[in-house]
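J.: Handing over my_file17.cif, mmCIF, C-alpha atoms.
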```
data_run
#
loop_
_atom_site.label_atom_id
_atom_site.label_comp_id
_atom_site.auth_asym_id
_atom_site.auth_seq_id
_atom_site.Cartn_x
_atom_site.Cartn_y
_atom_site.Cartn_z
CA MET A 14 32.65 81.58 103.31
CA LEU A 15 33.79 79.74 106.44
CA LYS A 16 33.60 76.39 104.68
CA LYS A 17 35.57 77.83 101.76
CA MET A 18 38.29 79.12 104.09
CA MET A 19 38.51 75.75 105.84
CA ILE A 20 38.90 73.99 102.47
CA HIS A 21 41.57 76.51 101.38
CA GLY A 22 43.43 75.89 104.63
CA LEU A 23 43.31 72.14 104.19
CA ILE A 24 44.53 72.41 100.57
CA ALA A 25 47.39 74.63 101.75
CA ALA A 26 48.16 72.10 104.51
CA ALA A 27 48.32 69.33 101.92
CA VAL A 28 50.62 71.38 99.66
CA ILE A 29 52.92 72.49 102.51
CA GLY A 30 52.86 68.98 104.00
CA GLY A 31 53.89 67.50 100.66
CA ALA A 32 56.68 70.03 100.21
CA ALA A 33 57.78 69.45 103.82
CA ALA A 34 57.86 65.68 103.25
CA VAL A 35 60.04 66.16 100.15
CA TYR A 36 62.34 68.48 102.12
CA ALA A 37 62.54 66.04 105.05
CA SER A 38 63.35 63.07 102.80
CA GLY A 39 66.10 65.09 101.08
CA ARG A 40 67.42 66.19 104.43
CA GLY A 41 67.53 62.57 105.66
CA ASN A 42 66.57 63.50 109.23
CA GLY A 43 69.74 65.52 109.72
CA ASP A 44 72.22 62.89 108.54
CA GLY A 45 72.77 64.47 105.15
CA MET A 46 73.21 62.41 101.98
CA ASP A 47 76.90 61.55 102.46
CA ASN A 48 76.27 57.96 103.50
CA ALA A 49 73.43 57.30 101.11
CA ALA A 50 75.38 55.28 98.56
CA PRO A 51 77.18 52.90 100.99
CA ALA A 52 73.95 52.41 102.90
CA MET A 53 72.15 51.49 99.68
CA ARG A 54 74.88 48.99 98.80
CA ALA A 55 74.49 47.41 102.22
CA ASP A 56 70.71 47.19 101.77
CA THR A 57 71.04 45.26 98.53
CA GLY A 58 72.98 42.57 100.37
CA ASN A 59 76.17 42.78 98.35
CA PRO A 60 78.61 40.70 100.46
CA GLN A 61 81.63 42.63 99.26
CA SER A 62 80.34 45.99 100.32
CA ALA A 63 77.86 45.23 103.14
CA ASN A 64 80.47 45.27 105.91
CA ASN A 65 81.93 48.56 104.83
CA GLY A 66 81.91 50.17 108.23
CA TYR A 67 78.90 52.37 107.53
CA ILE A 68 75.67 52.03 109.42
CA ALA A 69 72.91 51.33 106.93
CA ASP A 70 69.80 53.38 107.68
CA GLY A 71 67.80 53.13 104.46
CA ASP A 72 64.35 52.61 106.01
CA GLY A 73 64.46 55.38 108.58
CA TYR A 74 65.73 53.19 111.39
CA THR A 75 69.22 51.87 112.12
CA LYS A 76 70.05 48.45 110.70
CA ARG A 77 72.90 46.67 112.34
CA ASN A 78 75.49 44.95 110.18
CA ARG A 79 76.64 42.95 113.19
CA TYR A 80 75.70 42.67 116.84
CA PHE A 81 77.99 43.40 119.74
CA TRP A 82 78.44 39.73 120.61
CA GLN A 83 79.38 38.92 117.02
CA GLU A 84 82.05 41.57 117.16
CA ARG A 85 83.38 40.01 120.34
CA GLU A 86 83.47 36.53 118.76
CA ASP A 87 85.32 37.88 115.75
CA ASP A 88 87.84 39.56 118.02
CA ASP A 89 88.42 36.33 119.98
CA GLU A 90 88.83 34.41 116.77
CA ARG A 91 91.30 36.96 115.49
CA LYS A 92 93.24 36.77 118.75
CA HIS A 93 93.28 32.97 118.54
CA ASP A 94 94.58 33.08 114.96
CA ARG A 95 97.30 35.47 116.02
CA TYR A 96 98.44 33.90 119.30
CA GLY A 97 97.08 30.32 119.32
CA GLU A 98 99.00 27.07 118.88
CA GLY A 99 100.51 26.81 115.41
CA SER A 100 100.69 30.57 115.02
CA GLU A 101 103.90 32.34 114.22
CA HIS A 102 103.75 34.11 117.60
CA HIS A 103 103.42 30.77 119.43
CA ARG A 104 106.38 29.28 117.58
CA LYS A 105 108.57 32.27 118.43
CA HIS A 106 107.56 32.93 122.04
CA GLY A 107 106.15 29.60 123.18
CA LYS A 108 103.27 29.43 125.71
CA ARG A 109 102.01 32.83 126.84
CA ASP A 110 101.16 33.67 130.46
CA ASP A 111 97.48 34.12 129.73
CA ASP A 112 97.10 30.94 127.59
CA MET B 8 46.04 97.17 93.91
CA THR B 9 42.31 96.54 93.70
CA PRO B 10 40.37 95.56 96.83
CA ARG B 11 39.41 92.31 95.12
CA LEU B 12 43.07 91.38 94.58
CA GLN B 13 43.90 92.41 98.14
CA GLN B 14 41.16 90.14 99.45
CA ALA B 15 42.40 87.26 97.29
CA LEU B 16 45.93 87.79 98.61
CA LEU B 17 44.66 87.91 102.17
CA LEU B 18 42.72 84.67 101.69
CA PHE B 19 45.79 83.03 100.16
CA TRP B 20 47.91 84.25 103.08
CA HIS B 21 45.34 82.98 105.60
CA ALA B 22 45.31 79.54 103.95
CA TRP B 23 49.14 79.49 103.87
CA LEU B 24 49.38 80.41 107.56
CA GLY B 25 46.64 77.99 108.63
CA GLY B 26 47.97 75.13 106.51
CA GLY B 27 51.55 75.72 107.63
CA TYR B 28 50.52 75.87 111.29
CA LEU B 29 48.49 72.66 110.97
CA VAL B 30 51.42 70.77 109.42
CA ALA B 31 53.89 72.21 111.94
CA TYR B 32 51.67 71.26 114.87
CA LEU B 33 51.00 67.74 113.62
CA THR B 34 54.68 67.04 112.87
CA ALA B 35 56.06 68.30 116.18
CA ASP B 36 57.24 64.78 117.02
CA GLU B 37 60.99 64.08 116.74
CA ASP B 38 60.44 61.45 114.03
CA THR B 39 59.06 64.10 111.68
CA TYR B 40 61.43 66.89 112.64
CA GLY B 41 62.37 67.73 109.04
CA MET B 42 58.73 68.34 108.12
CA HIS B 43 58.17 70.32 111.32
CA LEU B 44 61.13 72.53 110.46
CA PHE B 45 59.90 73.21 106.92
CA ALA B 46 56.32 73.96 108.01
CA GLY B 47 57.56 76.15 110.87
CA TYR B 48 59.66 78.26 108.51
CA ALA B 49 56.64 78.53 106.17
CA VAL B 50 54.62 79.94 109.09
CA LEU B 51 57.43 82.34 110.02
CA ALA B 52 57.66 83.53 106.41
CA ALA B 53 53.89 84.08 106.30
CA ILE B 54 53.99 86.20 109.47
CA ALA B 55 56.96 88.21 108.17
CA ILE B 56 55.21 88.86 104.83
CA ARG B 57 52.01 89.94 106.61
CA LEU B 58 53.92 92.40 108.80
CA LEU B 59 55.79 93.70 105.76
CA ALA B 60 52.55 94.14 103.79
CA GLY B 61 51.01 95.98 106.73
CA LEU B 62 54.00 98.31 106.89
CA ILE B 63 54.08 98.90 103.13
CA ALA B 64 50.33 99.54 102.85
CA PRO B 65 49.28 101.18 106.13
CA ASN B 66 46.28 102.90 104.52
CA SER B 67 44.85 99.84 102.83
CA LYS B 68 41.55 98.74 104.34
CA LEU B 69 42.40 95.04 104.09
CA LEU B 70 46.18 94.87 104.34
CA LYS B 71 46.77 97.34 107.16
CA LEU B 72 47.79 95.82 110.49
CA PRO B 73 45.05 95.52 113.12
CA HIS B 74 44.85 98.26 115.77
CA PRO B 75 42.82 96.94 118.70
CA LYS B 76 41.54 99.51 121.20
CA LEU B 77 40.09 98.87 124.63
CA GLY B 78 37.55 101.65 124.24
CA SER B 79 36.07 100.04 121.15
CA PHE B 80 34.29 97.43 123.30
CA GLY B 81 32.20 100.08 125.03
CA ASP B 82 31.32 101.73 121.72
CA TRP B 83 30.35 98.46 120.08
CA PHE B 84 28.22 97.18 122.94
CA GLY B 85 26.59 100.61 123.22
CA SER B 86 25.57 100.96 119.60
CA GLY B 87 25.85 97.36 118.39
CA LYS B 88 26.97 98.68 115.02
CA GLY B 89 30.15 98.19 113.04
CA ARG B 90 32.71 95.45 113.22
CA HIS B 91 33.04 93.53 116.47
CA PRO B 92 36.23 94.69 118.27
CA LEU B 93 37.22 91.10 119.04
CA PHE B 94 38.12 90.63 115.36
CA ALA B 95 40.99 93.11 115.69
CA TRP B 96 41.98 91.73 119.09
CA PHE B 97 42.09 88.16 117.80
CA ALA B 98 44.06 89.21 114.70
CA SER B 99 46.67 91.00 116.83
CA VAL B 100 46.98 88.28 119.45
CA LEU B 101 47.24 85.59 116.77
CA LEU B 102 49.91 87.47 114.84
CA ILE B 103 51.92 87.90 118.06
CA ILE B 104 51.51 84.41 119.48
CA VAL B 105 51.90 82.46 116.23
CA GLY B 106 54.82 84.72 115.26
CA ALA B 107 56.42 84.11 118.67
CA ALA B 108 55.92 80.35 118.33
CA ALA B 109 57.53 80.35 114.87
CA ALA B 110 60.37 82.70 115.84
CA THR B 111 61.28 80.78 119.04
CA GLY B 112 61.18 77.56 117.03
CA ALA B 113 63.57 78.93 114.43
CA LEU B 114 65.92 80.30 117.10
CA SER B 115 65.88 77.13 119.20
CA ASP B 116 66.87 75.14 116.12
CA SER B 117 70.07 77.06 115.57
CA LEU B 118 71.17 79.88 117.85
CA MET B 119 69.41 79.51 121.19
CA THR B 120 68.62 75.88 122.03
CA TRP B 121 67.35 76.92 125.47
CA LEU B 122 64.30 78.37 123.72
CA GLU B 123 62.97 74.87 123.02
CA ASP B 124 60.76 74.72 126.14
CA PRO B 125 59.36 78.26 125.71
CA HIS B 126 58.70 77.37 122.04
CA GLU B 127 56.63 74.35 123.11
CA ALA B 128 54.71 76.33 125.72
CA ILE B 129 53.94 79.20 123.31
CA SER B 130 52.88 76.74 120.59
CA GLU B 131 50.48 74.96 122.97
CA ALA B 132 49.02 78.31 124.05
CA SER B 133 48.69 79.44 120.43
CA LEU B 134 46.57 76.38 119.62
CA TRP B 135 43.97 77.46 122.20
CA VAL B 136 43.94 81.00 120.84
CA ILE B 137 43.34 79.54 117.36
CA PHE B 138 40.47 77.41 118.68
CA ALA B 139 38.96 80.50 120.30
CA HIS B 140 39.39 82.44 117.03
CA ILE B 141 37.63 79.68 115.05
CA ALA B 142 34.81 79.50 117.61
CA PHE B 143 34.36 83.29 117.57
CA VAL B 144 34.35 83.58 113.77
CA THR B 145 31.99 80.60 113.43
CA PHE B 146 29.66 82.17 115.99
CA MET B 147 29.74 85.58 114.31
CA TYR B 148 29.25 84.35 110.74
CA GLY B 149 26.84 81.48 111.18
CA GLY B 150 26.65 80.17 114.69
CA ARG B 151 24.63 83.11 116.02
CA LYS B 152 21.92 82.55 113.41
CA LEU B 153 21.94 78.80 113.99
CA ILE B 154 21.68 79.21 117.77
CA ARG B 155 18.78 81.67 117.36
CA GLN B 156 16.97 79.22 115.07
CA ALA B 157 17.62 76.32 117.46
CA VAL B 158 16.30 78.30 120.44
CA ARG B 159 13.18 79.28 118.46
CA LYS B 160 12.51 75.66 117.44
CA LEU B 161 13.10 74.47 120.99
CA ALA B 162 10.72 77.10 122.32
CA GLU B 163 8.01 75.98 119.87
CA ARG B 164 8.30 72.35 120.92
CA LEU B 165 8.42 72.85 124.67
CA PRO B 166 4.80 72.72 125.95
CA PHE B 167 5.34 74.64 129.21
CA ILE B 168 6.41 77.77 127.30
CA HIS B 169 3.10 77.91 125.36
CA ALA B 170 0.98 77.17 128.41
#
```
Please re-express this file's structure in structure tokens.
T.:
Amino acid sequence: MLKKMMIHGLIAAAVIGGAAAVYASGRGNGDGMDNAAPAMRADTGNPQSANNGYIADGDGYTKRNRYFWQEREDDDERKHDRYGEGSEHHRKHGKRDDD
Amino acid sequence: MTPRLQQALLLFWHAWLGGGYLVAYLTADEDTYGMHLFAGYAVLAAIAIRLLAGLIAPNSKLLKLPHPKLGSFGDWFGSGKGRHPLFAWFASVLLIIVGAAAATGALSDSLMTWLEDPHEAISEASLWVIFAHIAFVTFMYGGRKLIRQAVRKLAERLPFIHA
């Protein structure tokens, strides 16, 4: 009888565990399913949609689309394009104080 | 409802509660929070259904809620007959402590987040009550006989007892 009850308990644990796993995967660890599609596009490596501003978390951990130093480099580059020599701003205003 | 069906329902409920508790305890980590939540609500539902069944069928031999009495210990040890009073005590304590663990877990998830630490403490305590319950039931339904046999065999093999 005891052995039977133990086996019943373990079967129930397997059933509840399976249902809980399905529930947890649907729940997406509290993030909901709103970002699922953009994240999936980012995972496939589509260059047009990878840098869409969403954080891709398809495998259960956060994947970065870019690192903080890359962001900084991009910003510097953008600044240079906007204010550097040969830019429209440089032609209009000449040399800036901080150049 | 026939006693046989009642017993089958009780066994199903016991498996549900035990299985749910096992999953909830093993998935208490933050990485498996979704599973922990599901299993915890399964345990809470099992406790609620048991209480409801006990209230609906108070005269049923199997489904009625346990009524432990302090005086029953004296009676049982005096006569040695009938059901051991610890069965009723364990059933009551388990219903209370596992129910409290599940209820505090459900409340700390939504309404009262400050209940998270009490939930953990009650859950840890409930595990030890469950271990004690398993040890007691194993002893009563098989362990006692095994221990008696082991003592008898040991006594036969030890030479100084025969001398």
J.: Define the interface residues of chain A facing chain B as those within 12 Å, counting all atoms listed in the file, and report them as a count of residues only.
T.: 34
J.: Distance CA of Leu59 in chain B-CA of Leu16 in chain B, one decimal place?
T.: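 If I compute the distance from CA of Leu59 in chain B to CA of Leu16 in chain B, I get 13.5 Å.
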J.: Got a sec: who's within 10 Å of Leu72 in chain B, counting only C-alpha atoms, leaving out chain neighbours fewer than 6 positions off, as a PyMOL selection string?
T.: chain B and resi 57-62+64-66+95+98-99+102
J.: Which residues, named as in the file, does the PyMOL selection byres ((chain B and resi 93) around 12) pick out? Answer as a ChimeraX atom specification.
T.: /B:73-81,83-84,89-92,94-101,139-140,142-144,147
J.: Suppose you want the space between CA of Leu153 in chain B and CA of Leu165 in chain B; what is it in Å?
T.: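 Atom-to-atom, CA of Leu153 in chain B and CA of Leu165 in chain B are spaced 18.2 Å apart.
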J.: List the residues matched by the PyMOL selection byres ((chain B and resi 122-133) around 6) in the displayed structure as an NGL selection string, ordered by chain and then by residue number.
T.: :B and (104 or 108 or 111-112 or 115 or 119-121 or 134-136)
J.: Selection from above, C-alpha atoms, as a PDB file, in the coordinates of the input, can you write it?
T.:
```pdb
ATOM      1  CA  ILE B 104      51.510  84.410 119.480  1.00  0.00           C
ATOM      2  CA  ALA B 108      55.920  80.350 118.330  1.00  0.00           C
ATOM      3  CA  THR B 111      61.280  80.780 119.040  1.00  0.00           C
ATOM      4  CA  GLY B 112      61.180  77.560 117.030  1.00  0.00           C
ATOM      5  CA  SER B 115      65.880  77.130 119.200  1.00  0.00           C
ATOM      6  CA  MET B 119      69.410  79.510 121.190  1.00  0.00           C
ATOM      7  CA  THR B 120      68.620  75.880 122.030  1.00  0.00           C
ATOM      8  CA  TRP B 121      67.350  76.920 125.470  1.00  0.00           C
ATOM      9  CA  LEU B 134      46.570  76.380 119.620  1.00  0.00           C
ATOM     10  CA  TRP B 135      43.970  77.460 122.200  1.00  0.00           C
ATOM     11  CA  VAL B 136      43.940  81.000 120.840  1.00  0.00           C
TER      12      VAL B 136
END
```
